[in-house]
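*Asks:* First, the structure itself, so that you have it in front of you.
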There are 2 protein chains.
Amino acid sequence: MTTHLERELREQPAALERLLERQRGGAERIAALLRRPDVDYVLIASRGSSANAARYAQYVLGRAHRVPVSFATPSLYTIYGQPPRLAGALVVGISQSGRSPDVTEVLEEARRQGRPTVAITNDVASPLAAAADEVLALEAGEEVAVAATKTYLNSLGAVALLFAVATGDKAALAELERVPSQLALQLERSWDDVRRLDLLDDLQGGTVVARGINYATAFEIALKIRELSGLLFEAYSAADLMHGPVAAISAGWPVLAVAPRGPAFAAMGTALDALSQRGARLVVVSDDDGALRRAHVSLPLWTRVPEWLSPLVAVVPGQLAALRLAQLRGIDLDAPLGLSKVTLTR
Amino acid sequence: MTTHLERELREQPAALERLLERQRGGAERIAALLRRPDVDYVLIASRGSSANAARYAQYVLGRAHRVPVSFATPSLYTIYGQPPRLAGALVVGISQSGRSPDVTEVLEEARRQGRPTVAITNDVASPLAAAADEVLALEAGEEVAVAATKTYLNSLGAVALLFAVATGDKAALAELERVPSQLALQLERSWDDVRRLDLLDDLQGGTVVARGINYATAFEIALKIRELSGLLFEAYSAADLMHGPVAAISAGWPVLAVAPRGPAFAAMGTALDALSQRGARLVVVSDDDGALRRAHVSLPLWTRVPEWLSPLVAVVPGQLAALRLAQLRGIDLDAPLGLSKVTLTR
């Protein structure tokens, strides 16, 4: 007997492939909105794992047409009833369920102000989809486990597809189309690798760090471990961590570093030096042998993925680490720790 | 003998008063930039405590002229060398030292793109100030302790002054001018109140929550406790916490809730219900008797401050809690835990 969570983790390569096959047209319609001369920036409303996909969009779309991406503050719309003027904005809501009232309210306000709106959701019949001019369906199939896995991965895939289509970069599209098979290999290998975490049997919590494009990955891994195991994991940009919060990293505290090769790798090396000096126990997700050798627990990236797509693969060792840590604690993987699948916040 | 930290905490009312006296003109010049027809939104670059002041700006400036406020992703400028197009942006750097290279780089790029730039800094001779069209000096006087206190408070004061001047709201300005004396009273009372934290002598860490305008306060209190005591404190919006991370809040875990009366108070009540059900030990910062009565440890707000200014006063019990928790642990208050005053990240 297997759990929904394990099944959905394994479905990720097929789900991503389905998204790429079916949503090219949707991505093209949204790319046309991005090119509108009255669009100066993208404003994203999201919560939870979808907010982590939004963090990926901040880096990837920032590099497509060099459009800045910012995040909405839903309470200005809901609690305070003082929504900002949205001149210049393309407004995007990301929500797997499409049922978070505060995310939908941001899109409805954008419509009232005559701004273009986009929904990225797994439910095309949801209130969020109804509030949007264009819908990009996640095509992940039904997700039953409380912890989002394939919908998170497909949210990243949707952003990456939008980048490839918006830039008309055929090489980028070809790189993206190779990801499903690379993802399948990574899943297979990581399933074994995460047994190395059994070494950390006294674990109370940990800190996940990354820089640049994998900032999203750090937040998603921390969230996944936290949701599934109840362990106190947190995430930081390596730069923000150094501006004070590093004070709480004492000898023996686990730090999971997401450090694939690429432009942000050098900055991560500096952070690993500082963390080693403080005596942190390093868990390293990387495709660099040197970085892996520094680790107390190494979680290798087994395939060569271009850096801009690395978040789609680098999250996998983290997802499976979360699964493993929950299993070791005897937690119900499909309904952990009093959480529910849809969270309704205003 | 007293420490720099204690002295600087006590200097806060005088420092705020000095800012309000001296920087009206600076605020007026920046307000004129905000009114420019080509300014659709404000982009802020900042790190650490200054990033928490930026969170306050997101709510307050969002309500002045309804201008949306977003945060820069410095690594797009530095590590990736792919800065976004900044059409429509007024670009603001906040840094007490004015010496964080990544924050300065965002302003320099904005200048290259012909966009208006503003520095909010305690050092008018800093590289950040040199990169800005207009400078708002924090007027906090020299800050020696590693943990920012009076420069944080004056960063909030600068944002509040900018709001009052930009809206031409004389009642708002009068409310702001009352804050220094209210702050003095709050400091005096909180200094005693935080002894109640000695009850929590088995403390390992905690979670700070708020909603709306005090989102900034939650992050600053968590950062201050973490920097000074090394305890593992984290911060969440009450809404984000409910989207998964609440799983790690188990019975007995301390949760510090910032819940002054105002539009966000009802949402905080809902969060307190959920946290109580999980058995969290509540520490409540509030001016509401009912909310204080629910607390394991109550940290009252002693003065009646309008909600938009509540972050300037509500941070005080948190600052003093951080001081108390560090004292109980015998930590050097002026140079805690291997931190340095200026952090240089790229």
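Residue numbers start at 1 in each chain; chains themselves are named A, B, ... in the order of the structure tokens; ligands are numbered from 1 in the order shown.
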Determine which residues of chain B sit within 7 Å of chain A, taking into account only C-alpha atoms, and present them as a PyMOL selection string.
*Replies:* chain B and resi 40+47-48+62-63+66-68+70-71+75+79-80+82-85+87-88+212+223+226-227+230-232+239-240+243-245+247-248+263-264+337+339+343+345
*Asks:* Take the residues from that selection and write them out as an mmCIF file, in the first residue's frame, keeping N, CA and C atoms.
*Replies:*
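After the write, again_10.cif holds the following:
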data_model
loop_
_atom_site.group_PDB
_atom_site.id
_atom_site.type_symbol
_atom_site.label_atom_id
_atom_site.label_comp_id
_atom_site.auth_asym_id
_atom_site.auth_seq_id
_atom_site.Cartn_x
_atom_site.Cartn_y
_atom_site.Cartn_z
ATOM 1 N N ASP B 40 4.622 54.894 -11.319
ATOM 2 C CA ASP B 40 3.494 53.988 -11.078
ATOM 3 C C ASP B 40 3.666 53.189 -9.798
ATOM 4 N N ARG B 47 18.064 45.361 3.262
ATOM 5 C CA ARG B 47 18.394 44.074 3.901
ATOM 6 C C ARG B 47 18.194 44.232 5.413
ATOM 7 N N GLY B 48 18.008 43.123 6.110
ATOM 8 C CA GLY B 48 17.985 43.133 7.571
ATOM 9 C C GLY B 48 16.867 43.991 8.138
ATOM 10 N N GLY B 62 1.471 52.318 0.337
ATOM 11 C CA GLY B 62 0.365 51.765 -0.445
ATOM 12 C C GLY B 62 -0.923 52.561 -0.232
ATOM 13 N N ARG B 63 -1.014 53.217 0.940
ATOM 14 C CA ARG B 63 -2.221 53.975 1.244
ATOM 15 C C ARG B 63 -2.053 55.472 0.946
ATOM 16 N N ARG B 66 -2.106 55.604 -2.957
ATOM 17 C CA ARG B 66 -2.363 54.222 -3.386
ATOM 18 C C ARG B 66 -1.268 53.713 -4.333
ATOM 19 N N VAL B 67 -0.022 54.027 -4.004
ATOM 20 C CA VAL B 67 1.112 53.592 -4.824
ATOM 21 C C VAL B 67 1.567 52.209 -4.363
ATOM 22 N N PRO B 68 1.601 51.222 -5.258
ATOM 23 C CA PRO B 68 2.105 49.919 -4.816
ATOM 24 C C PRO B 68 3.612 49.967 -4.543
ATOM 25 N N SER B 70 7.036 47.575 -4.102
ATOM 26 C CA SER B 70 7.590 46.229 -4.265
ATOM 27 C C SER B 70 9.061 46.227 -3.878
ATOM 28 N N PHE B 71 9.601 45.019 -3.730
ATOM 29 C CA PHE B 71 10.972 44.870 -3.236
ATOM 30 C C PHE B 71 11.880 44.393 -4.361
ATOM 31 N N SER B 75 20.020 40.172 -6.394
ATOM 32 C CA SER B 75 20.901 39.269 -7.141
ATOM 33 C C SER B 75 20.682 39.360 -8.651
ATOM 34 N N ILE B 79 24.508 39.288 -9.096
ATOM 35 C CA ILE B 79 24.979 37.958 -9.486
ATOM 36 C C ILE B 79 24.662 37.654 -10.945
ATOM 37 N N TYR B 80 23.453 38.019 -11.392
ATOM 38 C CA TYR B 80 23.042 37.647 -12.742
ATOM 39 C C TYR B 80 23.331 38.731 -13.782
ATOM 40 N N GLN B 82 21.469 40.984 -14.830
ATOM 41 C CA GLN B 82 20.310 41.160 -15.711
ATOM 42 C C GLN B 82 19.239 41.983 -15.009
ATOM 43 N N PRO B 83 19.559 43.241 -14.730
ATOM 44 C CA PRO B 83 18.572 44.063 -14.015
ATOM 45 C C PRO B 83 17.313 44.254 -14.832
ATOM 46 N N PRO B 84 16.151 44.258 -14.170
ATOM 47 C CA PRO B 84 14.902 44.504 -14.901
ATOM 48 C C PRO B 84 14.811 45.947 -15.402
ATOM 49 N N ARG B 85 13.942 46.154 -16.389
ATOM 50 C CA ARG B 85 13.575 47.507 -16.804
ATOM 51 C C ARG B 85 12.819 48.160 -15.663
ATOM 52 N N ALA B 87 11.032 51.076 -15.822
ATOM 53 C CA ALA B 87 10.025 52.056 -16.240
ATOM 54 C C ALA B 87 8.904 52.100 -15.212
ATOM 55 N N GLY B 88 8.502 53.304 -14.817
ATOM 56 C CA GLY B 88 7.393 53.449 -13.877
ATOM 57 C C GLY B 88 7.804 53.437 -12.422
ATOM 58 N N GLY B 212 -1.155 42.439 8.477
ATOM 59 C CA GLY B 212 -1.332 43.818 8.022
ATOM 60 C C GLY B 212 -0.130 44.669 8.367
ATOM 61 N N LEU B 223 13.800 39.113 14.433
ATOM 62 C CA LEU B 223 15.211 39.373 14.104
ATOM 63 C C LEU B 223 15.968 39.848 15.338
ATOM 64 N N ARG B 226 16.531 37.043 17.815
ATOM 65 C CA ARG B 226 17.476 36.108 17.228
ATOM 66 C C ARG B 226 18.905 36.650 17.269
ATOM 67 N N GLU B 227 19.073 37.912 16.867
ATOM 68 C CA GLU B 227 20.407 38.519 16.866
ATOM 69 C C GLU B 227 20.990 38.584 18.273
ATOM 70 N N GLY B 230 20.341 34.617 20.176
ATOM 71 C CA GLY B 230 20.671 33.382 19.471
ATOM 72 C C GLY B 230 19.544 32.356 19.501
ATOM 73 N N LEU B 231 18.408 32.698 20.119
ATOM 74 C CA LEU B 231 17.270 31.774 20.110
ATOM 75 C C LEU B 231 16.662 31.726 18.713
ATOM 76 N N LEU B 232 16.079 30.582 18.371
ATOM 77 C CA LEU B 232 15.596 30.385 17.016
ATOM 78 C C LEU B 232 14.203 30.977 16.840
ATOM 79 N N ALA B 239 -1.653 34.891 8.106
ATOM 80 C CA ALA B 239 -2.294 34.195 6.983
ATOM 81 C C ALA B 239 -1.327 33.174 6.368
ATOM 82 N N ASP B 240 -0.079 33.572 6.128
ATOM 83 C CA ASP B 240 0.890 32.632 5.562
ATOM 84 C C ASP B 240 1.110 31.447 6.502
ATOM 85 N N HIS B 243 -1.190 28.624 5.961
ATOM 86 C CA HIS B 243 -1.030 27.859 4.717
ATOM 87 C C HIS B 243 0.124 26.861 4.839
ATOM 88 N N GLY B 244 0.178 26.088 5.905
ATOM 89 C CA GLY B 244 1.151 25.013 6.012
ATOM 90 C C GLY B 244 2.124 25.099 7.175
ATOM 91 N N PRO B 245 2.846 26.224 7.319
ATOM 92 C CA PRO B 245 3.909 26.258 8.333
ATOM 93 C C PRO B 245 3.426 26.047 9.760
ATOM 94 N N ALA B 247 2.073 23.687 10.907
ATOM 95 C CA ALA B 247 2.313 22.282 11.276
ATOM 96 C C ALA B 247 3.419 22.133 12.314
ATOM 97 N N ALA B 248 4.390 23.048 12.308
ATOM 98 C CA ALA B 248 5.505 22.917 13.249
ATOM 99 C C ALA B 248 5.216 23.564 14.603
ATOM 100 N N PRO B 263 -7.972 47.390 12.118
ATOM 101 C CA PRO B 263 -8.593 46.543 11.088
ATOM 102 C C PRO B 263 -8.074 45.096 11.065
ATOM 103 N N ALA B 264 -6.821 44.861 11.455
ATOM 104 C CA ALA B 264 -6.265 43.511 11.378
ATOM 105 C C ALA B 264 -6.539 42.702 12.647
ATOM 106 N N LEU B 337 27.238 37.132 19.547
ATOM 107 C CA LEU B 337 27.189 35.937 18.712
ATOM 108 C C LEU B 337 27.874 36.073 17.353
ATOM 109 N N LEU B 339 28.341 38.581 15.325
ATOM 110 C CA LEU B 339 27.810 39.454 14.279
ATOM 111 C C LEU B 339 28.652 40.715 14.178
ATOM 112 N N THR B 343 27.152 44.557 7.249
ATOM 113 C CA THR B 343 27.267 43.304 6.509
ATOM 114 C C THR B 343 27.347 43.635 5.029
ATOM 115 N N THR B 345 27.026 42.304 1.542
ATOM 116 C CA THR B 345 26.627 41.218 0.640
ATOM 117 C C THR B 345 26.503 41.773 -0.767
#
*Asks:* Identify, with DSSP run on backbone atoms, the residues in stretch 202-265 of chain B assigned to strand (DSSP E or B), and express the list as a VMD selection string.
*Replies:* chain B and resid 205 to 210 232 to 237 254 to 258
*Asks:* Using the selection just defined, write its residues with all heavy atoms as a compact mmCIF listing (two decimals), in the first residue's frame.
*Replies:*
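Okay, this is what ended up in selection_36.txt:
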# COMPACT_ATOMS: atom_id res chain seq x y z
N GLY B 205 13.15 28.61 21.27
CA GLY B 205 12.86 29.44 20.10
C GLY B 205 11.41 29.86 20.17
O GLY B 205 10.76 29.66 21.20
N GLY B 206 10.93 30.44 19.10
CA GLY B 206 9.54 30.88 19.09
C GLY B 206 9.15 31.43 17.73
O GLY B 206 10.01 31.58 16.85
N THR B 207 7.87 31.68 17.58
CA THR B 207 7.34 32.21 16.32
C THR B 207 6.62 33.52 16.61
O THR B 207 5.86 33.59 17.58
CB THR B 207 6.35 31.18 15.72
OG1 THR B 207 7.05 29.94 15.53
CG2 THR B 207 5.81 31.65 14.38
N VAL B 208 6.90 34.54 15.80
CA VAL B 208 6.24 35.83 15.97
C VAL B 208 5.25 36.00 14.82
O VAL B 208 5.61 35.79 13.66
CB VAL B 208 7.25 36.99 15.97
CG1 VAL B 208 6.56 38.30 16.34
CG2 VAL B 208 8.41 36.70 16.93
N VAL B 209 4.01 36.34 15.15
CA VAL B 209 2.99 36.52 14.10
C VAL B 209 2.31 37.87 14.21
O VAL B 209 2.16 38.43 15.30
CB VAL B 209 1.90 35.42 14.13
CG1 VAL B 209 2.47 34.06 13.80
CG2 VAL B 209 1.18 35.37 15.47
N ALA B 210 1.91 38.39 13.07
CA ALA B 210 1.12 39.61 12.98
C ALA B 210 0.41 39.58 11.65
O ALA B 210 0.61 38.66 10.84
CB ALA B 210 2.00 40.84 13.11
N LEU B 232 16.08 30.58 18.37
CA LEU B 232 15.60 30.38 17.02
C LEU B 232 14.20 30.98 16.84
O LEU B 232 13.21 30.25 16.86
CB LEU B 232 15.60 28.90 16.70
CG LEU B 232 15.69 28.70 15.19
CD1 LEU B 232 17.15 28.61 14.79
CD2 LEU B 232 14.93 27.52 14.75
N PHE B 233 14.14 32.27 16.66
CA PHE B 233 12.85 32.92 16.42
C PHE B 233 12.64 33.15 14.93
O PHE B 233 13.58 33.40 14.18
CB PHE B 233 12.77 34.25 17.19
CG PHE B 233 12.17 34.05 18.56
CD1 PHE B 233 12.88 33.38 19.55
CD2 PHE B 233 10.90 34.51 18.86
CE1 PHE B 233 12.33 33.16 20.81
CE2 PHE B 233 10.34 34.32 20.12
CZ PHE B 233 11.04 33.65 21.09
N GLU B 234 11.39 33.05 14.52
CA GLU B 234 11.00 33.22 13.12
C GLU B 234 9.75 34.09 13.10
O GLU B 234 9.08 34.23 14.11
CB GLU B 234 10.69 31.86 12.51
CG GLU B 234 9.62 31.12 13.31
CD GLU B 234 9.18 29.79 12.70
OE1 GLU B 234 9.88 29.28 11.82
OE2 GLU B 234 8.13 29.29 13.14
N ALA B 235 9.42 34.63 11.93
CA ALA B 235 8.24 35.49 11.82
C ALA B 235 7.37 35.04 10.66
O ALA B 235 7.87 34.57 9.63
CB ALA B 235 8.67 36.94 11.61
N TYR B 236 6.06 35.20 10.84
CA TYR B 236 5.10 34.89 9.78
C TYR B 236 3.96 35.89 9.80
O TYR B 236 3.54 36.34 10.86
CB TYR B 236 4.49 33.51 9.99
CG TYR B 236 5.34 32.37 9.50
CD1 TYR B 236 6.12 31.64 10.37
CD2 TYR B 236 5.38 32.05 8.14
CE1 TYR B 236 6.92 30.60 9.91
CE2 TYR B 236 6.18 31.02 7.68
CZ TYR B 236 6.95 30.30 8.56
OH TYR B 236 7.73 29.28 8.10
N SER B 237 3.43 36.17 8.63
CA SER B 237 2.08 36.74 8.57
C SER B 237 1.15 35.64 9.07
O SER B 237 1.33 34.45 8.75
CB SER B 237 1.74 37.11 7.12
OG SER B 237 0.52 36.52 6.71
N PRO B 254 6.38 28.61 22.05
CA PRO B 254 5.98 30.00 22.28
C PRO B 254 5.63 30.72 20.97
O PRO B 254 6.35 30.61 19.98
CB PRO B 254 7.24 30.63 22.88
CG PRO B 254 8.13 29.48 23.27
CD PRO B 254 7.79 28.37 22.34
N VAL B 255 4.51 31.41 20.98
CA VAL B 255 4.12 32.26 19.85
C VAL B 255 3.87 33.66 20.37
O VAL B 255 3.03 33.86 21.25
CB VAL B 255 2.85 31.73 19.16
CG1 VAL B 255 2.41 32.70 18.06
CG2 VAL B 255 3.11 30.34 18.56
N LEU B 256 4.64 34.61 19.86
CA LEU B 256 4.46 36.01 20.23
C LEU B 256 3.57 36.66 19.17
O LEU B 256 3.93 36.70 17.99
CB LEU B 256 5.83 36.69 20.32
CG LEU B 256 5.88 38.09 20.95
CD1 LEU B 256 7.29 38.40 21.45
CD2 LEU B 256 5.42 39.19 20.02
N ALA B 257 2.40 37.13 19.58
CA ALA B 257 1.45 37.73 18.64
C ALA B 257 1.41 39.24 18.84
O ALA B 257 1.26 39.71 19.96
CB ALA B 257 0.07 37.13 18.86
N VAL B 258 1.59 39.96 17.74
CA VAL B 258 1.48 41.43 17.78
C VAL B 258 0.07 41.77 17.31
O VAL B 258 -0.25 41.58 16.13
CB VAL B 258 2.54 42.08 16.88
CG1 VAL B 258 2.47 43.60 17.00
CG2 VAL B 258 3.94 41.57 17.22
*Asks:* So that I can see what lies close to stretch 174-183 of chain B, please list as an MDAnalysis selection string the residues with an atom at most 6 Å from it, counting only C-alpha atoms and leaving out residues fewer than 5 positions away in the same chain.
*Replies:* chainID B and resid 13 17 313
*Asks:* With a distance cut-off of 8 Å and only C-alpha atoms, select the neighbouring residues of B:Leu136, excluding the residue or stretch itself and same-chain residues fewer than 3 positions from it, and output the selection as a PyMOL selection string.
*Replies:* chain B and resi 23+26-27+118-121+158
*Asks:* Assign secondary structure with DSSP using the backbone only, and return the residues of stretch 186-288 of chain B in alpha helix (DSSP H) as a PyMOL selection string.
*Replies:* chain B and resi 186-193+215-229+238-242+265-277
